[in-house]
Every structure is written in structure tokens, then in C-alpha cells.
Amino acid sequence: MKFLILNGPNLNLLGRREPGIYGQNSYEALCARLRDFAAAHASTADCVQSNHEGVLIDAIHAADGVYDAIVMNPGAYTHYSYAILDALKAVNVPCMEVHISNVHQREAFRHTSVTAPACVGQICGLGLFGYECAMSYFLSRETPDSG
Ligand code: DQA
């Protein structure tokens, strides 16, 4: 499978940014880990990160017909970007939303995702493992009778 791993604002600062919440591992380490995970499953993972909404939207548009699945952590855009919601609805690529932290244990504004309705599901609170869970879900769908 071809995966697009899309990360939104401030996720380039993983490892330095609030490590008590987001962990010690860098964004580069996350990408290396996901590329290895994909390779171990005869797949590829391209990682795109941006602090700009339009760049994320362009990446979603460009994914159509190119990627089999998007694994997306929109960062704070999760909570208010109707433009990213619309972009996901505009393409035919399934997307899983991932949050490193358990957003439901945090401030009230993080409890709402405006982007999740355009996703097949949402994984949160599992740390970086959540990205691999999302990829595993899509990989399992390739196998008949996998449920
Ligand atoms: C986050 C949660 C968001 O509320 C926050 O704005 C982020 C990261 C997460 O991965 O837990 O930037 O998406």
C-alpha cells in the first residue's frame, strides 16, 4: 500500500514540544519508524508536515489517485479547519485521524474534531503507536475476511 502520513502544525517540533504530552521522539524519528513499518509490510509511507493549512489541503488534493490511504494528524486544525474537512470529502482516499495525546483528557476545545467526520475513524492517546495502528487498519482491509 502507498501511505501518505500527513502531520499538521507544530508536529515538526515533536521531541521538543511539551515532551510530557507528546513524548521524546522527534518528527524525523517518527517518519523513519513509519517508513520502516511500511517497508515491513511491503508498503511505502511518504511523510508530509506543514504548519500551513493550504499546504495540507494541497497535499490531500494531490493524494487522490496516488495514495491508498492517508494517516493524518491535523494538530490544532482538527478543532476548527472546515477547509481540511472539505478537502478530505473532495477526494477518494480513505483517511484515519490520529492524535498522539488523549485529546478527551485535555482542554474542552480539543474534545471536538471537525475533521473526523470525513475520516474512517479516529485513534487518540496511543502515542506514536497510533500511527502504526492506523496503517495496520488499512493493511488489514487489503486481506479478505480480515474484518
Ligand atoms: C494533537 C492534539 C491537538 O489538540 C494539538 O493541537 C496538536 C496535537 C495530538 O497529536 O495529540 O497539535 O493532534
# chains A, B, ... in the order shown; residues from 1 in each chain; ligands from 1
>>> closest_atom_pairs(of="segment 16-118 of chain A", to="segment 123-144 of chain A", cutoff="6 Å", atoms="only C-alpha atoms", output="Markdown table")
| residue | atom | partner | partner_atom | distance |
| --- | --- | --- | --- | --- |
| A:Val98 | CA | A:Ile123 | CA | 4.8 |
| A:His99 | CA | A:Cys124 | CA | 4.5 |
| A:Ile100 | CA | A:Gly127 | CA | 4.2 |
| A:Ser101 | CA | A:Gly125 | CA | 4.2 |
| A:Asn102 | CA | A:Gly125 | CA | 3.7 |
>>> write_last_selection(atoms="C-alpha atoms", output="PDB file, in the first residue's frame")
ATOM      1  CA  VAL A  98      -4.570  10.181  14.655  1.00  0.00           C
ATOM      2  CA  HIS A  99      -3.786  12.130  17.819  1.00  0.00           C
ATOM      3  CA  ILE A 100      -0.748  11.351  19.891  1.00  0.00           C
ATOM      4  CA  SER A 101      -2.358  12.548  23.100  1.00  0.00           C
ATOM      5  CA  ASN A 102      -5.725  11.604  24.521  1.00  0.00           C
TER       6      ASN A 102
END
>>> select_by_dssp(residues="chain A", states="strand (DSSP E)", output="PyMOL selection string")
chain A and resi 2-7+44-49+69-73+95-99+121-124
>>> write_last_selection(atoms="N, CA and C atoms", output="PDB file, in the first residue's frame")
ATOM      1  N   LYS A   2       0.322   2.286  -0.561  1.00  0.00           N
ATOM      2  CA  LYS A   2       1.030   3.573  -0.507  1.00  0.00           C
ATOM      3  C   LYS A   2       0.326   4.467   0.513  1.00  0.00           C
ATOM      4  N   PHE A   3       1.071   4.820   1.551  1.00  0.00           N
ATOM      5  CA  PHE A   3       0.511   5.672   2.600  1.00  0.00           C
ATOM      6  C   PHE A   3       1.036   7.095   2.486  1.00  0.00           C
ATOM      7  N   LEU A   4       0.152   8.048   2.701  1.00  0.00           N
ATOM      8  CA  LEU A   4       0.564   9.431   2.940  1.00  0.00           C
ATOM      9  C   LEU A   4       0.377   9.707   4.429  1.00  0.00           C
ATOM     10  N   ILE A   5       1.458  10.068   5.082  1.00  0.00           N
ATOM     11  CA  ILE A   5       1.405  10.420   6.506  1.00  0.00           C
ATOM     12  C   ILE A   5       1.435  11.938   6.585  1.00  0.00           C
ATOM     13  N   LEU A   6       0.330  12.503   6.992  1.00  0.00           N
ATOM     14  CA  LEU A   6       0.183  13.962   6.954  1.00  0.00           C
ATOM     15  C   LEU A   6       0.125  14.510   8.376  1.00  0.00           C
ATOM     16  N   ASN A   7       1.056  15.384   8.692  1.00  0.00           N
ATOM     17  CA  ASN A   7       1.080  15.989  10.026  1.00  0.00           C
ATOM     18  C   ASN A   7       0.962  17.498   9.921  1.00  0.00           C
ATOM     19  N   THR A  44       4.782   1.545   1.307  1.00  0.00           N
ATOM     20  CA  THR A  44       5.608   2.752   1.419  1.00  0.00           C
ATOM     21  C   THR A  44       4.851   3.808   2.211  1.00  0.00           C
ATOM     22  N   ALA A  45       5.597   4.669   2.867  1.00  0.00           N
ATOM     23  CA  ALA A  45       4.993   5.778   3.615  1.00  0.00           C
ATOM     24  C   ALA A  45       5.748   7.051   3.276  1.00  0.00           C
ATOM     25  N   ASP A  46       5.041   8.009   2.701  1.00  0.00           N
ATOM     26  CA  ASP A  46       5.614   9.332   2.444  1.00  0.00           C
ATOM     27  C   ASP A  46       5.111  10.279   3.519  1.00  0.00           C
ATOM     28  N   CYS A  47       6.015  10.990   4.131  1.00  0.00           N
ATOM     29  CA  CYS A  47       5.658  11.883   5.238  1.00  0.00           C
ATOM     30  C   CYS A  47       5.665  13.336   4.791  1.00  0.00           C
ATOM     31  N   VAL A  48       4.583  14.020   5.063  1.00  0.00           N
ATOM     32  CA  VAL A  48       4.468  15.454   4.773  1.00  0.00           C
ATOM     33  C   VAL A  48       4.032  16.153   6.046  1.00  0.00           C
ATOM     34  N   GLN A  49       4.740  17.201   6.408  1.00  0.00           N
ATOM     35  CA  GLN A  49       4.335  18.001   7.570  1.00  0.00           C
ATOM     36  C   GLN A  49       4.295  19.461   7.141  1.00  0.00           C
ATOM     37  N   ALA A  69      -4.119   5.355   1.143  1.00  0.00           N
ATOM     38  CA  ALA A  69      -4.687   5.792   2.419  1.00  0.00           C
ATOM     39  C   ALA A  69      -3.869   6.961   2.968  1.00  0.00           C
ATOM     40  N   ILE A  70      -4.575   7.806   3.715  1.00  0.00           N
ATOM     41  CA  ILE A  70      -3.923   8.919   4.417  1.00  0.00           C
ATOM     42  C   ILE A  70      -4.036   8.653   5.909  1.00  0.00           C
ATOM     43  N   VAL A  71      -2.929   8.827   6.607  1.00  0.00           N
ATOM     44  CA  VAL A  71      -2.931   8.814   8.071  1.00  0.00           C
ATOM     45  C   VAL A  71      -2.600  10.248   8.481  1.00  0.00           C
ATOM     46  N   MET A  72      -3.548  10.908   9.107  1.00  0.00           N
ATOM     47  CA  MET A  72      -3.437  12.351   9.296  1.00  0.00           C
ATOM     48  C   MET A  72      -3.569  12.763  10.755  1.00  0.00           C
ATOM     49  N   ASN A  73      -2.595  13.537  11.196  1.00  0.00           N
ATOM     50  CA  ASN A  73      -2.730  14.234  12.470  1.00  0.00           C
ATOM     51  C   ASN A  73      -2.773  15.716  12.132  1.00  0.00           C
ATOM     52  N   CYS A  95      -9.085   8.175   4.921  1.00  0.00           N
ATOM     53  CA  CYS A  95      -8.185   8.828   5.881  1.00  0.00           C
ATOM     54  C   CYS A  95      -8.514   8.378   7.301  1.00  0.00           C
ATOM     55  N   MET A  96      -7.487   8.116   8.065  1.00  0.00           N
ATOM     56  CA  MET A  96      -7.640   7.851   9.502  1.00  0.00           C
ATOM     57  C   MET A  96      -7.030   9.021  10.260  1.00  0.00           C
ATOM     58  N   GLU A  97      -7.784   9.544  11.219  1.00  0.00           N
ATOM     59  CA  GLU A  97      -7.267  10.650  12.042  1.00  0.00           C
ATOM     60  C   GLU A  97      -6.544  10.088  13.262  1.00  0.00           C
ATOM     61  N   VAL A  98      -5.379  10.639  13.526  1.00  0.00           N
ATOM     62  CA  VAL A  98      -4.570  10.181  14.655  1.00  0.00           C
ATOM     63  C   VAL A  98      -4.208  11.371  15.537  1.00  0.00           C
ATOM     64  N   HIS A  99      -4.308  11.160  16.849  1.00  0.00           N
ATOM     65  CA  HIS A  99      -3.786  12.130  17.819  1.00  0.00           C
ATOM     66  C   HIS A  99      -2.878  11.396  18.784  1.00  0.00           C
ATOM     67  N   GLY A 121     -12.096   6.737  10.851  1.00  0.00           N
ATOM     68  CA  GLY A 121     -12.078   6.612  12.309  1.00  0.00           C
ATOM     69  C   GLY A 121     -11.073   7.569  12.905  1.00  0.00           C
ATOM     70  N   GLN A 122     -10.973   7.485  14.219  1.00  0.00           N
ATOM     71  CA  GLN A 122     -10.046   8.354  14.941  1.00  0.00           C
ATOM     72  C   GLN A 122      -9.344   7.523  16.009  1.00  0.00           C
ATOM     73  N   ILE A 123      -8.045   7.680  16.089  1.00  0.00           N
ATOM     74  CA  ILE A 123      -7.246   6.997  17.117  1.00  0.00           C
ATOM     75  C   ILE A 123      -6.594   8.083  17.943  1.00  0.00           C
ATOM     76  N   CYS A 124      -6.720   8.011  19.264  1.00  0.00           N
ATOM     77  CA  CYS A 124      -6.055   9.028  20.079  1.00  0.00           C
ATOM     78  C   CYS A 124      -5.552   8.417  21.376  1.00  0.00           C
TER      79      CYS A 124
END
>>> closest_residue(among="A:Asn51, A:Ser26, A:Ser43, A:Thr115", to="Met1 of chain A", atoms="only C-alpha atoms")
A:Ser43
>>> atom_distance(atom1="atom CA of Ala32 of chain A", atom2="atom CA of Leu13 of chain A")
15.3 Å
>>> select_by_dssp(residues="chain A", states="alpha helix (DSSP H)", output="PyMOL selection string")
chain A and resi 19-22+27-40+53-63+82-90+129-142
>>> atom_distance(atom1="atom CA of Val66 of chain A", atom2="atom 1 (C, counted along the ligand's line) of ligand 1")
25.9 Å
